[in-house]
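> Provided herewith: data.pdb, PDB, C-alpha atoms and all ligand atoms.
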```
ATOM      1  CA  MET X1455     -10.180  17.925  50.445
ATOM      2  CA  LYS X1456     -11.767  20.659  48.370
ATOM      3  CA  LYS X1457      -8.626  22.773  48.590
ATOM      4  CA  ASP X1458      -6.422  19.867  47.426
ATOM      5  CA  LYS X1459      -8.683  19.122  44.496
ATOM      6  CA  GLU X1460      -8.549  22.687  43.268
ATOM      7  CA  TYR X1461      -4.771  22.699  43.566
ATOM      8  CA  PHE X1462      -4.402  19.636  41.377
ATOM      9  CA  GLU X1463      -6.810  20.804  38.731
ATOM     10  CA  ASN X1464      -4.969  24.093  38.468
ATOM     11  CA  VAL X1465      -1.462  22.716  38.058
ATOM     12  CA  GLN X1466       0.087  24.750  35.279
ATOM     13  CA  ASN X1467       3.729  23.844  35.790
ATOM     14  CA  ARG X1468       4.721  21.817  32.724
ATOM     15  CA  HIS X1469       7.241  19.603  34.454
ATOM     16  CA  GLN X1470       4.806  18.749  37.215
ATOM     17  CA  LYS X1471       2.106  18.007  34.685
ATOM     18  CA  GLU X1472       4.338  15.661  32.682
ATOM     19  CA  PHE X1473       5.361  13.855  35.834
ATOM     20  CA  MET X1474       1.764  13.340  36.850
ATOM     21  CA  GLU X1475       0.785  12.071  33.426
ATOM     22  CA  LEU X1476       3.264   9.222  33.746
ATOM     23  CA  GLN X1477       1.754   7.964  36.946
ATOM     24  CA  ASP X1478      -0.596   5.018  37.231
ATOM     25  CA  HIS X1479      -0.744   5.504  40.953
ATOM     26  CA  CYS X1480      -1.870   8.470  42.970
ATOM     27  CA  THR X1481       1.019  10.783  43.859
ATOM     28  CA  LEU X1482      -0.599  11.548  47.190
ATOM     29  CA  CYS X1483      -1.567   8.153  48.605
ATOM     30  CA  GLY X1484      -0.148   5.586  46.156
ATOM     31  CA  ALA X1485      -3.521   4.029  45.352
ATOM     32  CA  LEU X1486      -4.119   2.723  41.849
ATOM     33  CA  LEU X1487      -5.840   5.337  39.754
ATOM     34  CA  GLU X1488      -9.063   4.652  37.937
ATOM     35  CA  VAL X1489      -8.390   5.522  34.322
ATOM     36  CA  LYS X1490     -11.326   6.167  32.071
ATOM     37  CA  HIS X1491     -11.131   6.370  28.320
ATOM     38  CA  GLN X1492     -13.928   7.848  26.359
ATOM     39  CA  LYS X1493     -13.888   7.661  22.579
ATOM     40  CA  ASP X1494     -15.820  10.107  20.517
ATOM     41  CA  PRO X1495     -16.149   8.610  17.021
ATOM     42  CA  TYR X1496     -17.704  11.789  15.656
ATOM     43  CA  LEU X1497     -14.992  14.187  16.800
ATOM     44  CA  GLY X1498     -12.262  11.540  16.483
ATOM     45  CA  THR X1499     -10.939  12.234  19.942
ATOM     46  CA  LEU X1500      -9.964  10.073  22.880
ATOM     47  CA  LYS X1501     -10.541  11.528  26.283
ATOM     48  CA  GLU X1502      -8.469  10.195  29.139
ATOM     49  CA  GLU X1503      -9.239  10.801  32.749
ATOM     50  CA  ALA X1504      -7.459   9.433  35.816
ATOM     51  CA  TYR X1505      -9.140   9.619  39.162
ATOM     52  CA  CYS X1506      -8.062   8.630  42.663
ATOM     53  CA  PRO X1507     -11.050   7.172  44.515
ATOM     54  CA  HIS X1508      -9.172   7.512  47.793
ATOM     55  CA  CYS X1509      -8.282  11.205  47.631
ATOM     56  CA  GLU X1510     -11.151  12.114  45.301
ATOM     57  CA  VAL X1511      -8.649  13.882  43.093
ATOM     58  CA  ARG X1512      -8.659  13.916  39.331
ATOM     59  CA  THR X1513      -5.016  13.831  38.266
ATOM     60  CA  ARG X1514      -5.247  13.563  34.512
ATOM     61  CA  ASN X1515      -7.654  14.849  31.973
ATOM     62  CA  THR X1516      -6.438  14.867  28.407
ATOM     63  CA  GLN X1517      -8.019  14.768  24.995
ATOM     64  CA  ASN X1518      -6.161  13.246  22.064
ATOM     65  CA  ILE X1519      -7.055  13.357  18.417
ATOM     66  CA  LEU X1520      -7.059   9.910  16.836
ATOM     67  CA  HIS X1521      -5.557   9.294  13.434
TER      68      HIS X1521
HETATM   69 ZN    ZN A   1      -4.864   9.266  46.273
END
```
Hey, can you dump this file as structure tokens for me?


Amino acid sequence: MKKDKEYFENVQNRHQKEFMELQDHCTLCGALLEVKHQKDPYLGTLKEEAYCPHCEVRTRNTQNILH
């Protein structure tokens, strides 16, 4: 599992990344992803993280600036 996790966190291919960001379900096992949103009112950012509890893979980790 450690090898898989590293692979997913190091995905640099833009197309692959965009595809993964559209998913609500794990691309590996189809389980519903746990999506966490964390607002930072001081920095004005919204952090989004999607995690598959089944594969123990984090598939999405973005930070957006709120307006
Ligand atoms: Zn999975």

> Could you give me, as a tab-separated table, every chain X residue with an atom at most 12 Å from ligand ZN 1 (chain A), plus its closest atom pair and distance in Å to one decimal, counting only C-alpha atoms and all ligand atoms, rows ordered by chain then number?


```
residue	atom	partner	partner_atom	distance
X:Met1455	CA	A:ZN1	ZN	11.0
X:Asp1458	CA	A:ZN1	ZN	10.8
X:Lys1459	CA	A:ZN1	ZN	10.7
X:Phe1462	CA	A:ZN1	ZN	11.5
X:Gln1477	CA	A:ZN1	ZN	11.5
X:Asp1478	CA	A:ZN1	ZN	10.9
X:His1479	CA	A:ZN1	ZN	7.7
X:Cys1480	CA	A:ZN1	ZN	4.5
X:Thr1481	CA	A:ZN1	ZN	6.5
X:Leu1482	CA	A:ZN1	ZN	4.9
X:Cys1483	CA	A:ZN1	ZN	4.2
X:Gly1484	CA	A:ZN1	ZN	6.0
X:Ala1485	CA	A:ZN1	ZN	5.5
X:Leu1486	CA	A:ZN1	ZN	7.9
X:Leu1487	CA	A:ZN1	ZN	7.7
X:Glu1488	CA	A:ZN1	ZN	10.4
X:Ala1504	CA	A:ZN1	ZN	10.8
X:Tyr1505	CA	A:ZN1	ZN	8.3
X:Cys1506	CA	A:ZN1	ZN	4.9
X:Pro1507	CA	A:ZN1	ZN	6.8
X:His1508	CA	A:ZN1	ZN	4.9
X:Cys1509	CA	A:ZN1	ZN	4.2
X:Glu1510	CA	A:ZN1	ZN	7.0
X:Val1511	CA	A:ZN1	ZN	6.8
X:Arg1512	CA	A:ZN1	ZN	9.2
X:Thr1513	CA	A:ZN1	ZN	9.2
```

> What does the structure give for the distance between atom CA of Thr1499 of chain X and atom CA of Thr1516 of chain X, in Å to one decimal?

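Taking atom CA of Thr1499 of chain X and atom CA of Thr1516 of chain X, their separation equals 9.9 Å.
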
> List the residues selected by the PyMOL selection byres (((chain X and resi 1518) around 10) and not hetatm) in the file shown, writing them as a PyMOL selection string.

chain X and resi 1493+1498-1502+1516-1517+1519-1521

> Got time to write the residues from that selection, C-alpha atoms, as an mmCIF file, keeping the file's coordinate frame?


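Produced file part02.cif, reproduced below:
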```cif
data_model
loop_
_atom_site.group_PDB
_atom_site.id
_atom_site.type_symbol
_atom_site.label_atom_id
_atom_site.label_comp_id
_atom_site.auth_asym_id
_atom_site.auth_seq_id
_atom_site.Cartn_x
_atom_site.Cartn_y
_atom_site.Cartn_z
ATOM 1 C CA LYS X 1493 -13.888 7.661 22.579
ATOM 2 C CA GLY X 1498 -12.262 11.540 16.483
ATOM 3 C CA THR X 1499 -10.939 12.234 19.942
ATOM 4 C CA LEU X 1500 -9.964 10.073 22.880
ATOM 5 C CA LYS X 1501 -10.541 11.528 26.283
ATOM 6 C CA GLU X 1502 -8.469 10.195 29.139
ATOM 7 C CA THR X 1516 -6.438 14.867 28.407
ATOM 8 C CA GLN X 1517 -8.019 14.768 24.995
ATOM 9 C CA ILE X 1519 -7.055 13.357 18.417
ATOM 10 C CA LEU X 1520 -7.059 9.910 16.836
ATOM 11 C CA HIS X 1521 -5.557 9.294 13.434
#
```

> Box in all listed atoms of segment 1485-1500 of chain X, axis-aligned, with 8 Å more on each side; write out centre and edge lengths in Å to one decimal as lines of an AutoDock Vina configuration file.


```
center_x = -10.6
center_y = 8.5
center_z = 30.5
size_x = 30.2
size_y = 27.5
size_z = 45.7
```

> Once the PyMOL selection byres (((chain X and resi 1490) around 6) and not hetatm) is applied to the coordinates I shared, what remains selected? I want it as a ChimeraX atom specification.

/X:1489,1491,1502-1503

> Using C-alpha atoms, can you write the selected residues to a file as an mmCIF file, keeping the file's coordinate frame?


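Okay, again_8.cif is ready:
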```cif
data_model
loop_
_atom_site.group_PDB
_atom_site.id
_atom_site.type_symbol
_atom_site.label_atom_id
_atom_site.label_comp_id
_atom_site.auth_asym_id
_atom_site.auth_seq_id
_atom_site.Cartn_x
_atom_site.Cartn_y
_atom_site.Cartn_z
ATOM 1 C CA VAL X 1489 -8.390 5.522 34.322
ATOM 2 C CA HIS X 1491 -11.131 6.370 28.320
ATOM 3 C CA GLU X 1502 -8.469 10.195 29.139
ATOM 4 C CA GLU X 1503 -9.239 10.801 32.749
#
```
